[in-house]
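Chemist: File follows, target06.json with JSON, C-alpha atoms:
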[["chain", "number", "residue", "atom", "x", "y", "z"],
["A", 258, "MET", "CA", -22.10, 59.70, 140.34],
["A", 259, "ILE", "CA", -24.64, 61.40, 142.62],
["A", 260, "SER", "CA", -25.90, 64.75, 141.42],
["A", 261, "LEU", "CA", -28.02, 67.34, 143.24],
["A", 262, "ARG", "CA", -29.16, 70.24, 141.10],
["A", 263, "ASP", "CA", -30.96, 73.33, 142.38],
["A", 264, "VAL", "CA", -32.34, 71.32, 145.30],
["A", 265, "ARG", "CA", -34.72, 72.78, 147.84],
["A", 266, "VAL", "CA", -36.55, 70.89, 150.58],
["A", 267, "ALA", "CA", -39.40, 72.69, 152.34],
["A", 268, "VAL", "CA", -42.13, 71.61, 154.75],
["A", 269, "PRO", "CA", -45.53, 73.25, 154.13],
["A", 270, "ALA", "CA", -46.69, 75.66, 156.80],
["A", 271, "LEU", "CA", -49.23, 74.34, 159.28],
["A", 272, "ARG", "CA", -51.30, 77.54, 159.22],
["A", 273, "PRO", "CA", -52.45, 79.52, 156.18],
["A", 274, "GLY", "CA", -50.33, 82.60, 155.66],
["A", 275, "ASP", "CA", -47.28, 81.25, 157.49],
["A", 276, "PRO", "CA", -44.11, 80.67, 155.47],
["A", 277, "ASP", "CA", -42.98, 77.16, 154.62],
["A", 278, "LYS", "CA", -40.15, 75.78, 156.74],
["A", 279, "VAL", "CA", -37.09, 75.44, 154.52],
["A", 280, "LEU", "CA", -34.82, 72.53, 155.48],
["A", 281, "LEU", "CA", -32.41, 72.82, 152.54],
["A", 282, "ASP", "CA", -32.05, 75.38, 149.78],
["A", 283, "ASP", "CA", -29.89, 76.10, 146.76],
["A", 284, "VAL", "CA", -27.95, 72.83, 146.94],
["A", 285, "ASN", "CA", -25.86, 72.00, 143.88],
["A", 286, "LEU", "CA", -23.41, 69.12, 144.31],
["A", 287, "GLU", "CA", -21.68, 66.49, 142.22],
["A", 288, "LEU", "CA", -20.60, 63.67, 144.53],
["A", 289, "ALA", "CA", -17.94, 61.51, 142.92],
["A", 290, "GLU", "CA", -15.25, 61.01, 145.57],
["A", 291, "ARG", "CA", -14.92, 57.62, 147.26],
["A", 292, "ARG", "CA", -15.28, 59.01, 150.82],
["A", 293, "ILE", "CA", -17.39, 62.11, 151.52],
["A", 294, "VAL", "CA", -18.35, 63.47, 154.94],
["A", 295, "VAL", "CA", -21.14, 65.93, 155.74],
["A", 296, "ILE", "CA", -20.73, 67.96, 158.92],
["A", 297, "GLY", "CA", -22.96, 70.51, 160.61],
["A", 298, "ALA", "CA", -24.77, 71.33, 163.83],
["A", 299, "ASN", "CA", -28.00, 69.64, 164.86],
["A", 300, "GLY", "CA", -30.81, 71.03, 162.73],
["A", 301, "SER", "CA", -28.44, 72.29, 160.04],
["A", 302, "GLY", "CA", -29.94, 70.08, 157.32],
["A", 303, "LYS", "CA", -27.27, 67.42, 157.01],
["A", 304, "SER", "CA", -29.61, 64.48, 157.75],
["A", 305, "THR", "CA", -32.09, 65.86, 155.22],
["A", 306, "LEU", "CA", -29.27, 66.05, 152.67],
["A", 307, "LEU", "CA", -28.29, 62.41, 153.27],
["A", 308, "ARG", "CA", -31.89, 61.19, 153.05],
["A", 309, "LEU", "CA", -32.18, 62.79, 149.63],
["A", 310, "LEU", "CA", -29.47, 60.49, 148.30],
["A", 311, "ASN", "CA", -31.57, 57.33, 148.33],
["A", 312, "GLY", "CA", -35.04, 58.82, 148.06],
["A", 313, "LEU", "CA", -36.01, 58.62, 151.74],
["A", 314, "ARG", "CA", -36.85, 62.30, 151.24],
["A", 315, "LEU", "CA", -37.68, 63.90, 147.92],
["A", 316, "PRO", "CA", -36.78, 67.45, 146.91],
["A", 317, "SER", "CA", -39.51, 70.08, 146.83],
["A", 318, "ARG", "CA", -37.64, 71.60, 143.91],
["A", 319, "GLY", "CA", -34.74, 70.46, 141.78],
["A", 320, "THR", "CA", -33.46, 66.96, 141.09],
["A", 321, "VAL", "CA", -31.37, 64.30, 142.77],
["A", 322, "THR", "CA", -29.95, 61.57, 140.54],
["A", 323, "VAL", "CA", -27.81, 58.50, 141.21],
["A", 324, "ASP", "CA", -26.03, 57.16, 138.12],
["A", 325, "GLY", "CA", -28.66, 58.98, 136.08],
["A", 326, "HIS", "CA", -31.65, 57.62, 138.01],
["A", 327, "ASP", "CA", -33.95, 60.31, 139.39],
["A", 328, "THR", "CA", -34.89, 59.61, 143.04],
["A", 329, "ALA", "CA", -38.39, 60.99, 142.46],
["A", 330, "LYS", "CA", -39.09, 58.97, 139.30],
["A", 331, "ASP", "CA", -37.09, 55.79, 139.83],
["A", 332, "GLY", "CA", -36.86, 55.38, 143.59],
["A", 333, "LYS", "CA", -36.85, 51.58, 143.49],
["A", 334, "GLN", "CA", -33.73, 51.47, 141.31],
["A", 335, "VAL", "CA", -32.05, 54.18, 143.41],
["A", 336, "ARG", "CA", -32.59, 52.17, 146.59],
["A", 337, "LYS", "CA", -30.92, 49.18, 144.94],
["A", 338, "LEU", "CA", -27.89, 51.34, 144.32],
["A", 339, "VAL", "CA", -27.79, 53.26, 147.61],
["A", 340, "GLY", "CA", -27.86, 51.56, 151.01],
["A", 341, "PHE", "CA", -28.75, 53.70, 154.03],
["A", 342, "ILE", "CA", -27.52, 53.22, 157.61],
["A", 343, "PHE", "CA", -29.45, 55.03, 160.33],
["A", 344, "THR", "CA", -28.00, 56.60, 163.46],
["A", 345, "ASP", "CA", -29.89, 54.13, 165.66],
["A", 346, "PRO", "CA", -29.67, 50.58, 164.26],
["A", 347, "LEU", "CA", -32.95, 49.65, 165.95],
["A", 348, "SER", "CA", -34.64, 51.96, 163.44],
["A", 349, "GLN", "CA", -33.73, 49.61, 160.60],
["A", 350, "LEU", "CA", -33.25, 46.12, 162.03],
["A", 351, "LEU", "CA", -36.55, 44.46, 161.16],
["A", 352, "MET", "CA", -36.12, 40.90, 162.41],
["A", 353, "SER", "CA", -35.60, 39.41, 165.86],
["A", 354, "THR", "CA", -32.04, 38.17, 165.35],
["A", 355, "PRO", "CA", -29.06, 39.27, 163.23],
["A", 356, "ILE", "CA", -29.07, 36.18, 161.04],
["A", 357, "GLU", "CA", -32.76, 36.62, 160.24],
["A", 358, "ASP", "CA", -32.19, 40.28, 159.34],
["A", 359, "VAL", "CA", -29.32, 39.53, 156.98],
["A", 360, "GLU", "CA", -31.20, 36.56, 155.51],
["A", 361, "LEU", "CA", -34.09, 38.93, 154.74],
["A", 362, "SER", "CA", -31.72, 41.19, 152.79],
["A", 363, "LEU", "CA", -30.56, 38.20, 150.74],
["A", 364, "ARG", "CA", -33.99, 37.04, 149.62],
["A", 365, "ALA", "CA", -33.84, 38.88, 146.32],
["A", 366, "SER", "CA", -30.49, 37.38, 145.33],
["A", 367, "VAL", "CA", -30.31, 33.91, 146.96],
["A", 368, "ARG", "CA", -33.21, 31.55, 146.29],
["A", 369, "GLY", "CA", -32.90, 28.74, 148.84],
["A", 370, "LYS", "CA", -33.43, 29.48, 152.52],
["A", 371, "ALA", "CA", -30.68, 27.13, 153.70],
["A", 372, "GLU", "CA", -28.24, 28.78, 151.31],
["A", 373, "ARG", "CA", -29.39, 32.24, 152.46],
["A", 374, "LEU", "CA", -28.85, 31.35, 156.10],
["A", 375, "ALA", "CA", -25.39, 29.99, 155.38],
["A", 376, "ARG", "CA", -24.52, 33.11, 153.41],
["A", 377, "ALA", "CA", -25.92, 35.34, 156.18],
["A", 378, "GLN", "CA", -23.78, 33.55, 158.75],
["A", 379, "ALA", "CA", -20.70, 33.96, 156.57],
["A", 380, "LEU", "CA", -21.34, 37.69, 156.15],
["A", 381, "LEU", "CA", -21.82, 38.18, 159.90],
["A", 382, "ASP", "CA", -18.65, 36.20, 160.55],
["A", 383, "ALA", "CA", -16.76, 38.46, 158.16],
["A", 384, "ARG", "CA", -17.87, 41.54, 160.15],
["A", 385, "GLY", "CA", -16.88, 39.96, 163.46],
["A", 386, "VAL", "CA", -20.42, 39.51, 164.76],
["A", 387, "GLY", "CA", -21.07, 35.90, 163.76],
["A", 388, "HIS", "CA", -21.08, 34.86, 167.41],
["A", 389, "VAL", "CA", -24.27, 36.88, 168.04],
["A", 390, "ALA", "CA", -26.09, 35.66, 164.93],
["A", 391, "HIS", "CA", -28.90, 33.98, 166.90],
["A", 392, "GLN", "CA", -29.18, 36.43, 169.79],
["A", 393, "SER", "CA", -31.99, 38.93, 170.12],
["A", 394, "ILE", "CA", -31.03, 42.28, 168.61],
["A", 395, "TYR", "CA", -32.12, 43.83, 171.93],
["A", 396, "ASP", "CA", -29.38, 41.91, 173.73],
["A", 397, "LEU", "CA", -26.62, 43.27, 171.48],
["A", 398, "SER", "CA", -24.33, 46.19, 172.24],
["A", 399, "GLY", "CA", -24.63, 49.39, 170.22],
["A", 400, "GLY", "CA", -21.53, 48.47, 168.26],
["A", 401, "GLU", "CA", -22.82, 44.99, 167.47],
["A", 402, "ARG", "CA", -26.14, 46.38, 166.29],
["A", 403, "GLN", "CA", -24.40, 48.89, 164.04],
["A", 404, "LEU", "CA", -22.24, 46.15, 162.51],
["A", 405, "VAL", "CA", -25.32, 43.98, 161.92],
["A", 406, "SER", "CA", -27.05, 46.93, 160.23],
["A", 407, "LEU", "CA", -24.03, 47.48, 158.03],
["A", 408, "THR", "CA", -23.94, 43.77, 157.17],
["A", 409, "SER", "CA", -27.62, 43.80, 156.17],
["A", 410, "VAL", "CA", -27.10, 46.85, 153.97],
["A", 411, "LEU", "CA", -24.00, 45.43, 152.28],
["A", 412, "ALA", "CA", -25.71, 42.08, 151.70],
["A", 413, "VAL", "CA", -27.71, 43.59, 148.82],
["A", 414, "GLU", "CA", -24.45, 44.83, 147.24],
["A", 415, "PRO", "CA", -25.21, 48.55, 146.80],
["A", 416, "THR", "CA", -22.74, 50.75, 144.96],
["A", 417, "VAL", "CA", -23.11, 53.56, 147.51],
["A", 418, "VAL", "CA", -23.43, 53.45, 151.31],
["A", 419, "VAL", "CA", -24.94, 56.44, 153.10],
["A", 420, "ALA", "CA", -24.54, 56.54, 156.89],
["A", 421, "ASP", "CA", -26.25, 59.16, 159.07],
["A", 422, "GLU", "CA", -24.10, 59.80, 162.18],
["A", 423, "PRO", "CA", -23.13, 56.11, 162.51],
["A", 424, "THR", "CA", -20.74, 56.70, 165.43],
["A", 425, "THR", "CA", -23.18, 58.53, 167.73],
["A", 426, "LEU", "CA", -24.04, 55.50, 169.90],
["A", 427, "LEU", "CA", -20.60, 53.87, 169.78],
["A", 428, "ASP", "CA", -17.81, 53.72, 172.33],
["A", 429, "LEU", "CA", -14.20, 54.33, 171.34],
["A", 430, "ARG", "CA", -13.45, 50.68, 170.53],
["A", 431, "ASN", "CA", -16.43, 50.37, 168.21],
["A", 432, "LYS", "CA", -15.73, 53.74, 166.61],
["A", 433, "GLN", "CA", -12.26, 52.51, 165.75],
["A", 434, "ALA", "CA", -13.69, 49.27, 164.36],
["A", 435, "LEU", "CA", -16.19, 51.17, 162.21],
["A", 436, "ARG", "CA", -13.46, 53.52, 161.00],
["A", 437, "GLU", "CA", -11.43, 50.52, 159.86],
["A", 438, "ILE", "CA", -14.42, 49.07, 158.02],
["A", 439, "PHE", "CA", -15.28, 52.40, 156.37],
["A", 440, "THR", "CA", -11.69, 52.85, 155.25],
["A", 441, "HIS", "CA", -11.73, 49.55, 153.34],
["A", 442, "LEU", "CA", -15.27, 49.52, 151.92],
["A", 443, "ASP", "CA", -15.39, 48.92, 148.18],
["A", 444, "GLN", "CA", -18.49, 51.11, 147.89],
["A", 445, "GLN", "CA", -18.60, 54.88, 147.69],
["A", 446, "LEU", "CA", -19.34, 56.16, 151.21],
["A", 447, "VAL", "CA", -21.21, 59.34, 152.15],
["A", 448, "PHE", "CA", -21.58, 59.85, 155.90],
["A", 449, "SER", "CA", -22.31, 62.50, 158.50],
["A", 450, "THR", "CA", -20.72, 62.80, 161.92],
["A", 451, "HIS", "CA", -20.19, 65.12, 164.88],
["A", 452, "ASP", "CA", -16.86, 63.39, 165.51],
["A", 453, "LEU", "CA", -14.48, 65.75, 163.72],
["A", 454, "GLU", "CA", -11.56, 63.34, 164.03],
["A", 455, "PHE", "CA", -13.66, 60.64, 162.38],
["A", 456, "ALA", "CA", -14.51, 63.13, 159.63],
["A", 457, "LEU", "CA", -10.86, 63.31, 158.63],
["A", 458, "LEU", "CA", -10.96, 59.83, 157.08],
["A", 459, "ALA", "CA", -12.92, 61.33, 154.17],
["A", 460, "GLU", "CA", -11.46, 62.73, 150.96],
["A", 461, "ARG", "CA", -13.98, 65.58, 150.79],
["A", 462, "ALA", "CA", -16.01, 67.39, 153.45],
["A", 463, "ILE", "CA", -19.22, 69.36, 153.01],
["A", 464, "VAL", "CA", -20.32, 71.76, 155.74],
["A", 465, "VAL", "CA", -24.05, 72.47, 156.03],
["A", 466, "ASP", "CA", -25.44, 75.36, 158.08],
["A", 467, "GLY", "CA", -28.91, 76.86, 158.07],
["A", 468, "GLY", "CA", -30.01, 74.56, 155.28],
["A", 469, "ARG", "CA", -27.24, 75.61, 152.88],
["A", 470, "VAL", "CA", -23.86, 74.28, 151.86],
["A", 471, "VAL", "CA", -21.44, 76.83, 153.29],
["A", 472, "ALA", "CA", -18.15, 75.02, 152.69],
["A", 473, "ASP", "CA", -16.95, 72.24, 150.39],
["A", 474, "ASP", "CA", -13.27, 71.40, 150.71],
["A", 475, "GLU", "CA", -10.73, 68.83, 151.78],
["A", 476, "PRO", "CA", -11.54, 67.66, 155.34],
["A", 477, "GLY", "CA", -8.82, 69.56, 157.22],
["A", 478, "ASN", "CA", -9.89, 72.91, 155.78],
["A", 479, "ALA", "CA", -13.61, 72.16, 156.11],
["A", 480, "VAL", "CA", -13.27, 71.08, 159.76],
["A", 481, "ALA", "CA", -11.29, 74.26, 160.54],
["A", 482, "TYR", "CA", -14.03, 76.33, 158.86],
["A", 483, "TYR", "CA", -16.71, 74.51, 160.86],
["A", 484, "ARG", "CA", -14.86, 75.09, 164.14],
["A", 485, "ASP", "CA", -14.69, 78.82, 163.39],
["A", 486, "LEU", "CA", -18.36, 78.82, 162.40],
["A", 487, "MET", "CA", -19.36, 77.31, 165.75],
["A", 488, "ARG", "CA", -17.41, 79.84, 167.86]]
Take the structure in the file and write it out as structure tokens.
Modeler:
Amino acid sequence: MISLRDVRVAVPALRPGDPDKVLLDDVNLELAERRIVVIGANGSGKSTLLRLLNGLRLPSRGTVTVDGHDTAKDGKQVRKLVGFIFTDPLSQLLMSTPIEDVELSLRASVRGKAERLARAQALLDARGVGHVAHQSIYDLSGGERQLVSLTSVLAVEPTVVVADEPTTLLDLRNKQALREIFTHLDQQLVFSTHDLEFALLAERAIVVDGGRVVADDEPGNAVAYYRDLMR
């Protein structure tokens, strides 16, 4: 269970006397559903909301907890539980090749390097990107990079996967592939997207606007509300 209670996120003003810039305010959520989508315009606060869930950003006020672990007090444990996928995979792929990146994720759980490499190859194979295991990440397509990022995140066996606009750089074929993967993930999934059709795979949809949660409903109703909001 992920819980956000009385959460506010504000950036201090650059000049004395100016007001702080509020990114999120008055957020109270209990996130228990298996598939949750967050939708909103650019600058609405949805990325800030997602980053709160694994401690990439801490609240200025209030608390965020994951299975009872406070992100501000026990960030290391929270990050074991919550894997984060960035919009641009190049922001999180640390190594030169996919197999090296996945092998890095396995270092805490698999002791021998040969065993780690074999396991990394098997995980990449399972995601359909085993054939690019030894290629430079810069030579991969956007879809291949996103699948490698997902493989690296899942390698540490989190209980929750958070994905910030994971379809933004993908073509239709790769969007469909990612949708299939997301549908069958064992982990709880919280993701944001501008693709309103993609949003419909969720069980629950949260609409963020102006730094506040303005709708929280089943996806069809929430998407209809968001469309009206944007008119």
Chemist: Separation of atom CA of A:Gly387 and atom CA of A:Val413, in Å?
Modeler: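 Pair atom CA of A:Gly387 / atom CA of A:Val413 returns 18.1 Å.
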Chemist: For A:Asp473, which of A:Leu313, A:Val418, A:Met487, A:Val284 is the closest residue, counting all atoms listed in the file?
Modeler: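 Going through A:Leu313, A:Val418, A:Met487, A:Val284 one by one, the smallest distance to A:Asp473 is for A:Val284.
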Chemist: Might you pull out every residue within 7 Å of stretch 290-304 of chain A, with only C-alpha atoms counted and same-chain residues fewer than 6 positions away left off, and present them as an mmCIF file with C-alpha atoms, in the frame of the given file?
Modeler:
data_model
loop_
_atom_site.group_PDB
_atom_site.id
_atom_site.type_symbol
_atom_site.label_atom_id
_atom_site.label_comp_id
_atom_site.auth_asym_id
_atom_site.auth_seq_id
_atom_site.Cartn_x
_atom_site.Cartn_y
_atom_site.Cartn_z
ATOM 1 C CA LEU A 280 -34.820 72.530 155.480
ATOM 2 C CA LEU A 281 -32.410 72.820 152.540
ATOM 3 C CA ASP A 421 -26.250 59.160 159.070
ATOM 4 C CA GLN A 445 -18.600 54.880 147.690
ATOM 5 C CA LEU A 446 -19.340 56.160 151.210
ATOM 6 C CA VAL A 447 -21.210 59.340 152.150
ATOM 7 C CA PHE A 448 -21.580 59.850 155.900
ATOM 8 C CA SER A 449 -22.310 62.500 158.500
ATOM 9 C CA THR A 450 -20.720 62.800 161.920
ATOM 10 C CA HIS A 451 -20.190 65.120 164.880
ATOM 11 C CA ALA A 456 -14.510 63.130 159.630
ATOM 12 C CA ALA A 459 -12.920 61.330 154.170
ATOM 13 C CA GLU A 460 -11.460 62.730 150.960
ATOM 14 C CA ARG A 461 -13.980 65.580 150.790
ATOM 15 C CA ALA A 462 -16.010 67.390 153.450
ATOM 16 C CA ILE A 463 -19.220 69.360 153.010
ATOM 17 C CA VAL A 464 -20.320 71.760 155.740
ATOM 18 C CA VAL A 465 -24.050 72.470 156.030
ATOM 19 C CA ASP A 466 -25.440 75.360 158.080
ATOM 20 C CA GLY A 467 -28.910 76.860 158.070
ATOM 21 C CA GLY A 468 -30.010 74.560 155.280
#
Chemist: Measure the distance from atom CA of A:Arg469 to atom CA of A:Glu422 in Å and round it to one decimal.
Modeler: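 These atoms are spaced 18.6 Å apart.
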Chemist: Neighbouring residues of A:Ser393 were defined as those with any atom within 8 Å, considering all atoms listed in the file; residues of the same chain fewer than 2 positions away were excluded. Please report them as a PyMOL selection string.
Modeler: chain A and resi 353-355+391+395-397
Chemist: For A:Lys278, which residue among A:Leu347, A:Ala371, A:Val266, A:Leu404 is the nearest when counting all atoms listed in the file?
Modeler: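 The shortest atom-to-atom distance to A:Lys278 comes from A:Val266.
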Chemist: Enumerate, as a ChimeraX atom specification, the protein, DNA and RNA residues whose atoms approach (-26.2, 56.2, 151.7) to within 6 Å, taking into account all atoms listed in the file and the coordinate frame of the file.
Modeler: /A:339-341,417-420,447
Chemist: Can you work out the spacing between atom CA of A:Ala267 and atom CA of A:Thr328 in Å, to one decimal?
Modeler: 16.7 Å
Chemist: Just give me the residues with any atom within 8 Å of (-27.4, 58.3, 146.5), file coordinates, counting only C-alpha atoms, written as a PyMOL selection string.
Modeler: chain A and resi 259+307+309-312+322-323+335+338-339+417-419
Chemist: With all atoms listed in the file as the counted atoms, please give the residues lying no more than 12 Å from A:Arg376, apart from itself and same-chain residues fewer than 2 positions off, as a list of chain:residue names.
Modeler: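 Non-adjacent residues within range: A:Ile356, A:Glu357, A:Val359, A:Glu360, A:Leu361, A:Ser362, A:Leu363, A:Arg364, A:Ser366, A:Val367, A:Arg368, A:Gly369, A:Lys370, A:Ala371, A:Glu372, A:Arg373, A:Leu374, A:Gln378, A:Ala379, A:Leu380, A:Leu381, A:Asp382, A:Ala383, A:Gly387, A:Ala390, A:Thr408, A:Ser409, A:Ala412, A:Val413.
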Chemist: Mind checking which residues fall within 6 Å of A:Arg262, counting only C-alpha atoms, ignoring those fewer than 3 positions away in the same chain, and posting them as an MDAnalysis selection string?
Modeler: chainID A and resid 285 319:320
Chemist: Taking only C-alpha atoms into account, name the residue in A:Val405, A:Leu351, A:Val470, A:Val389 that is nearest to A:Leu306.
Modeler: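 Residue with the minimum atom-to-atom distance to A:Leu306: A:Val470.
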Chemist: For A:Ser317, which residue out of A:Glu287, A:Asp282, A:Asp485, A:Asp275 is the nearest one, using all atoms listed in the file?
Modeler: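 The answer is A:Asp282, which sits nearest to A:Ser317.
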Chemist: List as a list of chain:residue names the protein and nucleic acid residues near A:Lys432, meaning an atom at most 12 Å away when only C-alpha atoms are counted, but skip any in the same chain fewer than 3 places from it.
Modeler: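 Everything that qualifies: A:Gly399, A:Gly400, A:Glu401, A:Gln403, A:Leu404, A:Glu422, A:Pro423, A:Thr424, A:Thr425, A:Leu426, A:Leu427, A:Asp428, A:Leu429, A:Leu435, A:Arg436, A:Glu437, A:Ile438, A:Phe439, A:Thr450, A:Asp452, A:Glu454, A:Phe455, A:Ala456.
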